[in-house]
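To keep things clear, I will list the structure first and then write my remarks on it.
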Protein chains: 2
Amino acid sequence: MLDIGTIPTYADMLAAHERIRPYVHRTPVLTSAFMDELTGASLFFKCENFQKAGAFKVRGACNAVFGLSDDMLARGVATHSSGNHALSLSYAAGRRGIPCHVVMPRTAPEAKKAAVRGYGGTITECEPSTSSREAVFARVQAETGAEFVHPYNDPRVIAGQGTCSRELLDQVEDLDIVIAPIGGGGMISGTCLTLSHAAPGIDIIAAEPEQADDAYRSFKAGHIIADDAPETVADGLKVPLKDLTWHFVSNHVADILTASDAEIVAAMRLTWARMKAVMEPSSAVPLATILKNKDKFAGKRVGVIVTGGNVDLDKLPWMKG
Amino acid sequence: MLDIGTIPTYADMLAAHERIRPYVHRTPVLTSAFMDELTGASLFFKCENFQKAGAFKVRGACNAVFGLSDDMLARGVATHSSGNHALSLSYAAGRRGIPCHVVMPRTAPEAKKAAVRGYGGTITECEPSTSSREAVFARVQAETGAEFVHPYNDPRVIAGQGTCSRELLDQVEDLDIVIAPIGGGGMISGTCLTLSHAAPGIDIIAAEPEQADDAYRSFKAGHIIADDAPETVADGLKVPLKDLTWHFVSNHVADILTASDAEIVAAMRLTWARMKAVMEPSSAVPLATILKNKDKFAGKRVGVIVTGGNVDLDKLPWMKG
């Protein structure tokens with residue numbers, strides 16, 4: 001059962017925003033007449049791909065790392081992550097000068113592994129499944145005694161991710177909808193945390209790959225359904241919901257929409273070509289679902305959270321075959 | 001000889017800024033701790049790759065098109081361009097609802113040709129040399145009677161390009177240097193126009209491909225040296241200086257630095273990988289020259305004008321071979 005005391009509050013999010021401000025970018029919001037014409041909506045892209053370490057996850061990671069008590073600093077932090085949280089936690093730990101231990105699937109993009117090492121993180125590889133990742137992580141944590149910062153099911157992380165929507169509200173007026181990708185649910189939970197308090201009239205929509213649609217099925221079923229090792233081009237979105245993120249999803253998300261891998265790659269290519277923004281596949285899922293569900297978005301002012309831009313430039317998905 | 005009356009003034013630039021404001025983006029300035037560490041400088045990237053039509057050239061094009069007198073509207077505008085000016089003039093003409101005739105080299109990227117047509121421009125192809133381009137253009141202009149908007153040697157265009165530096169001054173304090181690519185010299189001239197008046201203490205540096213270094217050689221020789229059909233990956237920078245742009249370059253540019261095609265491609269890839277910004281090869285020339293001349297920039301606050309992001313995503317230069 002979820003301990004109600006662990007649910008982060010709006011005040012926690014505001015405190016996070018103050019705490020992380022020196023270490024993160026206030027990312028710009030881009031608009032595109034082309035995209036608006038294509039979709040019939042007014043889209044406001046909150047570009048966390050331009051964030052430090054290339055993704056929104058640095059918000060939550062910095063909040064956790066810079067909130068650590070002094071007696072924890074020597075042992076540092078540890079996590080498991082499909083990529084961006086690993087980068088972000090390494091970045092945050094590097095800024096605070098403490099150790100960072102990361103368990104990553106051996107199949108994670110080389111670019112992400114190199115970046116983790118570049119920030120000073122130590123990588124231990126696991127198999128690309130939730131079960132292997134958790135087993136290897138338990139060993140690393142036992143050996144190091146480091147503070148576990150879960151990539152999403154952690155109140156410090158969720159409060160940090162909520163700062164993104166806080167900025168979006170300051171940057172764009174009168175939004176009708178905010179849409180963000182959903183994997184483990186960290187960004188969506190932060191979005192719910194902020195908007196349910198500061199702008200409860202805004203519909204929050206989650207966008208998910210069809211090939212890893214556990215959040216969609218959980219949402220429809222009314223309880224968490226977790227898959228082990230789904231396969232999708234959106235490699236940041238393979239992980240399942242957990243109790244804290246399920247709390248926010250089940251209470252505040254208006255709908256979950258899905259898109260196929262082909263639709264995701266097409267949307268990704270379109271953003272590169274027309275918006276000149278390097279987005280990773282996961283970041284393109286919201287646009288892919290908007291293009292599939294135009295009626296739902298037509299005439300609306302829509303905040304689109306672009307979650308990250310960490311891709312392997314030598315293996316672009318439209319170059320396959 | 002240059003007619004002094006054709007030299008655009010600071011007041012022309014301010015008028016241009018008011019005229020074009022509804023049709024262009026105030027583009028964001030991005031910073032990157034990674035790039036600062038790599039170069040030893042503080043770099044402020046003015047991201048015109050996020051500009052309407054994907055390049056700064058929409059500033060000058062809109063100033064020319066929206067400054068046209070009513071009796072010229074029916075015949076429209078015409079130009080020759082290696083790409084981005086073609087897109088931009090087509091975009092501007094489309095917004096004003098007037099015809100736009102464009103002469104483009106048949107070797108221009110397909111993505112640029114498609115975008116010109118998408119904005120409603122009419123393309124006539126020429127050979128990829130200055131001489132062919134000018135001959136074909138003379139015929140098109142004679143047939144249509146359209147108003148010639150030169151891609152850079154036009155006071156309306158230079159005044160428009162100068163609005164980019166005006167914004168940069170508002171966005172970043174205490175710059176020591178502003179660096180921009182140089183081809184025909186339109187952006188550099190606009191930069192000189194604005195900075196020589198509003199911030200004369202800032203050094204203006206131009207960056208040019210080694211393989212199309214006619215501006216560099218002109219600068220050293222003290223008079224315009226023009227090449228016909230140079231070959232470089234920076235396809236926006238193949239054109240020569242003309243009298244108006246030479247006026248600004250010879251009077252206000254502190255230095256011209258060059259980089260090889262390999263250095264340009266490496267800098268381009270680095271910006272994609274680390275800044276998540278799709279920059280075309282021409283846009284990466286300033287960073288390439290900074291990386292080659294670190295002593296010149298170390299400890300300085302440097303505005304870097306990222307001129308555009310129009311690339312063919314199926315033919316990325318690091319994918320060659």
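Labels for the structure tokens follow display order: chains A, B, ..., residues from 1 in each chain, ligands from 1.
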
Write out as a PyMOL selection string every residue belonging to chain A that has an atom at most 10 Å from any atom of chain B, counting only C-alpha atoms.
chain A and resi 25+27-34+47-54+111+115+269-280+308-316+318-319

Applying 9 Å and only C-alpha atoms, which residues near range 291-293 of chain B remain after dropping the ones on its own chain fewer than 2 positions away? List them as a list of chain:residue names.
B:Leu38, B:Thr39, B:Leu257, B:Thr258, B:Ala259, B:Glu263, B:Ala267, B:Pro286, B:Leu287, B:Ala288, B:Thr289, B:Asp295, B:Lys296, B:Phe297, B:Ala298

Could those selected residues go to a file with N, CA and C atoms, as a PDB file, in the first residue's frame?
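The resulting result_21.pdb:
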```pdb
ATOM      1  N   LEU B  38      34.656  22.780 -23.436  1.00  0.00           N
ATOM      2  CA  LEU B  38      35.461  22.352 -24.582  1.00  0.00           C
ATOM      3  C   LEU B  38      36.274  23.503 -25.173  1.00  0.00           C
ATOM      4  N   THR B  39      35.685  24.696 -25.180  1.00  0.00           N
ATOM      5  CA  THR B  39      36.321  25.824 -25.860  1.00  0.00           C
ATOM      6  C   THR B  39      37.035  26.779 -24.905  1.00  0.00           C
ATOM      7  N   LEU B 257      38.127  33.857 -39.982  1.00  0.00           N
ATOM      8  CA  LEU B 257      38.782  32.584 -39.673  1.00  0.00           C
ATOM      9  C   LEU B 257      38.198  31.496 -40.571  1.00  0.00           C
ATOM     10  N   THR B 258      38.999  30.497 -40.877  1.00  0.00           N
ATOM     11  CA  THR B 258      38.501  29.435 -41.764  1.00  0.00           C
ATOM     12  C   THR B 258      38.627  28.064 -41.114  1.00  0.00           C
ATOM     13  N   ALA B 259      37.829  27.124 -41.625  1.00  0.00           N
ATOM     14  CA  ALA B 259      37.867  25.738 -41.154  1.00  0.00           C
ATOM     15  C   ALA B 259      37.685  24.807 -42.342  1.00  0.00           C
ATOM     16  N   GLU B 263      36.496  19.606 -40.402  1.00  0.00           N
ATOM     17  CA  GLU B 263      36.293  20.297 -39.122  1.00  0.00           C
ATOM     18  C   GLU B 263      34.854  20.819 -39.002  1.00  0.00           C
ATOM     19  N   ALA B 267      32.159  19.679 -36.131  1.00  0.00           N
ATOM     20  CA  ALA B 267      31.490  20.667 -35.276  1.00  0.00           C
ATOM     21  C   ALA B 267      29.969  20.537 -35.389  1.00  0.00           C
ATOM     22  N   PRO B 286      31.275  28.649 -37.550  1.00  0.00           N
ATOM     23  CA  PRO B 286      31.810  29.410 -36.420  1.00  0.00           C
ATOM     24  C   PRO B 286      32.358  28.519 -35.304  1.00  0.00           C
ATOM     25  N   LEU B 287      31.605  27.515 -34.890  1.00  0.00           N
ATOM     26  CA  LEU B 287      32.100  26.636 -33.826  1.00  0.00           C
ATOM     27  C   LEU B 287      33.385  25.932 -34.270  1.00  0.00           C
ATOM     28  N   ALA B 288      33.423  25.498 -35.521  1.00  0.00           N
ATOM     29  CA  ALA B 288      34.633  24.836 -36.027  1.00  0.00           C
ATOM     30  C   ALA B 288      35.847  25.766 -35.926  1.00  0.00           C
ATOM     31  N   THR B 289      35.664  27.040 -36.239  1.00  0.00           N
ATOM     32  CA  THR B 289      36.805  27.971 -36.160  1.00  0.00           C
ATOM     33  C   THR B 289      37.155  28.307 -34.706  1.00  0.00           C
ATOM     34  N   ASP B 295      42.676  30.011 -28.261  1.00  0.00           N
ATOM     35  CA  ASP B 295      43.335  31.135 -27.580  1.00  0.00           C
ATOM     36  C   ASP B 295      42.623  32.458 -27.838  1.00  0.00           C
ATOM     37  N   LYS B 296      42.094  32.573 -29.041  1.00  0.00           N
ATOM     38  CA  LYS B 296      41.440  33.819 -29.433  1.00  0.00           C
ATOM     39  C   LYS B 296      40.137  34.048 -28.669  1.00  0.00           C
ATOM     40  N   PHE B 297      39.509  32.949 -28.228  1.00  0.00           N
ATOM     41  CA  PHE B 297      38.182  33.050 -27.633  1.00  0.00           C
ATOM     42  C   PHE B 297      38.161  32.757 -26.123  1.00  0.00           C
ATOM     43  N   ALA B 298      39.245  32.183 -25.604  1.00  0.00           N
ATOM     44  CA  ALA B 298      39.253  31.743 -24.205  1.00  0.00           C
ATOM     45  C   ALA B 298      38.928  32.895 -23.264  1.00  0.00           C
TER      46      ALA B 298
END
```

Give me the residues within 12 Å of Gly67 in chain A as a list in words, counting only C-alpha atoms and dropping any in the same chain fewer than 2 places off.
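Result of the neighbour search: Asp12, Ala15, Ala16, His17, Glu18, Arg19, Ile20, Gly60, Ala61, Cys62, Asn63, Ala64, Val65, Ser69, Asp70, Asp71, Met72, Leu73, Val77, Ala92, Ala93, Arg96, Glu147, Val149, Pro155, Arg156, Val157, Ala159 and Gly160 of chain A.
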
For Arg106 in chain A, list every protein, DNA or RNA residue within 9 Å, evaluated using only C-alpha atoms, and leave out those in the same chain fewer than 5 positions away; present the list as a tab-separated table (two decimals) with N, CA and C atoms, in the first residue's frame.
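What follows is the written file out_18.tsv:
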```tsv
chain	number	residue	atom	x	y	z
A	124	THR	N	27.39	-0.37	-14.20
A	124	THR	CA	27.36	-1.84	-14.15
A	124	THR	C	26.25	-2.28	-15.09
A	125	GLU	N	26.56	-3.18	-16.03
A	125	GLU	CA	25.56	-3.55	-17.03
A	125	GLU	C	24.67	-4.71	-16.55
A	126	CYS	N	23.42	-4.71	-17.06
A	126	CYS	CA	22.49	-5.81	-16.77
A	126	CYS	C	21.83	-6.24	-18.08
A	127	GLU	N	21.01	-7.28	-18.03
A	127	GLU	CA	20.23	-7.67	-19.21
A	127	GLU	C	19.08	-6.67	-19.39
A	128	PRO	N	18.56	-6.55	-20.62
A	128	PRO	CA	17.50	-5.56	-20.86
A	128	PRO	C	16.12	-6.03	-20.41
```

With a distance cut-off of 12 Å and only C-alpha atoms, select the neighbouring residues of Leu2 in chain B, excluding the residue or stretch itself and same-chain residues fewer than 6 positions from it, and output the selection as a list of chain:residue names.
B:Asn153, B:Asp154, B:Pro155, B:Lys242, B:Asp243, B:Leu244, B:Thr245, B:Trp246, B:His247, B:Phe248

Using N, CA and C atoms, can you export the residues from the last selection as a PDB file, in the first residue's frame?
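Output file result24.pdb is given in full below:
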```
ATOM      1  N   ASN B 153      23.055  41.194 -51.281  1.00  0.00           N
ATOM      2  CA  ASN B 153      23.568  42.513 -51.650  1.00  0.00           C
ATOM      3  C   ASN B 153      22.427  43.496 -51.868  1.00  0.00           C
ATOM      4  N   ASP B 154      21.616  43.666 -50.853  1.00  0.00           N
ATOM      5  CA  ASP B 154      20.392  44.458 -50.943  1.00  0.00           C
ATOM      6  C   ASP B 154      20.214  45.144 -49.600  1.00  0.00           C
ATOM      7  N   PRO B 155      20.061  46.468 -49.583  1.00  0.00           N
ATOM      8  CA  PRO B 155      19.989  47.169 -48.289  1.00  0.00           C
ATOM      9  C   PRO B 155      18.809  46.716 -47.439  1.00  0.00           C
ATOM     10  N   LYS B 242      29.707  41.070 -52.433  1.00  0.00           N
ATOM     11  CA  LYS B 242      29.342  42.085 -53.425  1.00  0.00           C
ATOM     12  C   LYS B 242      29.585  43.456 -52.790  1.00  0.00           C
ATOM     13  N   ASP B 243      29.339  44.511 -53.540  1.00  0.00           N
ATOM     14  CA  ASP B 243      29.789  45.829 -53.062  1.00  0.00           C
ATOM     15  C   ASP B 243      29.231  46.244 -51.703  1.00  0.00           C
ATOM     16  N   LEU B 244      27.939  46.003 -51.486  1.00  0.00           N
ATOM     17  CA  LEU B 244      27.343  46.430 -50.215  1.00  0.00           C
ATOM     18  C   LEU B 244      27.904  45.628 -49.041  1.00  0.00           C
ATOM     19  N   THR B 245      27.983  44.318 -49.224  1.00  0.00           N
ATOM     20  CA  THR B 245      28.487  43.503 -48.108  1.00  0.00           C
ATOM     21  C   THR B 245      29.987  43.738 -47.907  1.00  0.00           C
ATOM     22  N   TRP B 246      30.701  43.972 -49.009  1.00  0.00           N
ATOM     23  CA  TRP B 246      32.130  44.297 -48.880  1.00  0.00           C
ATOM     24  C   TRP B 246      32.330  45.578 -48.084  1.00  0.00           C
ATOM     25  N   HIS B 247      31.420  46.530 -48.269  1.00  0.00           N
ATOM     26  CA  HIS B 247      31.481  47.765 -47.487  1.00  0.00           C
ATOM     27  C   HIS B 247      31.503  47.451 -45.992  1.00  0.00           C
ATOM     28  N   PHE B 248      30.580  46.617 -45.551  1.00  0.00           N
ATOM     29  CA  PHE B 248      30.506  46.305 -44.115  1.00  0.00           C
ATOM     30  C   PHE B 248      31.685  45.447 -43.660  1.00  0.00           C
TER      31      PHE B 248
END
```

Check range 52-280 of chain A with DSSP on the backbone and list each residue it calls helix (DSSP H, G or I), as number ranges by chain.
A: 52-54, 57-66, 70-72, 84-96, 110-118, 130-144, 155-171, 186-198, 210-212, 214-221, 235-237, 243-252, 261-275

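You will find CA of Tyr10 in chain B at 23.8 Å from CA of Arg301 in chain B.
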
Would you kindly return, as a count of residues only, each protein, DNA or RNA residue with an atom no farther than 8 Å from any atom of Tyr152 in chain A, considering only C-alpha atoms and excluding same-chain residues fewer than 5 positions away?
7
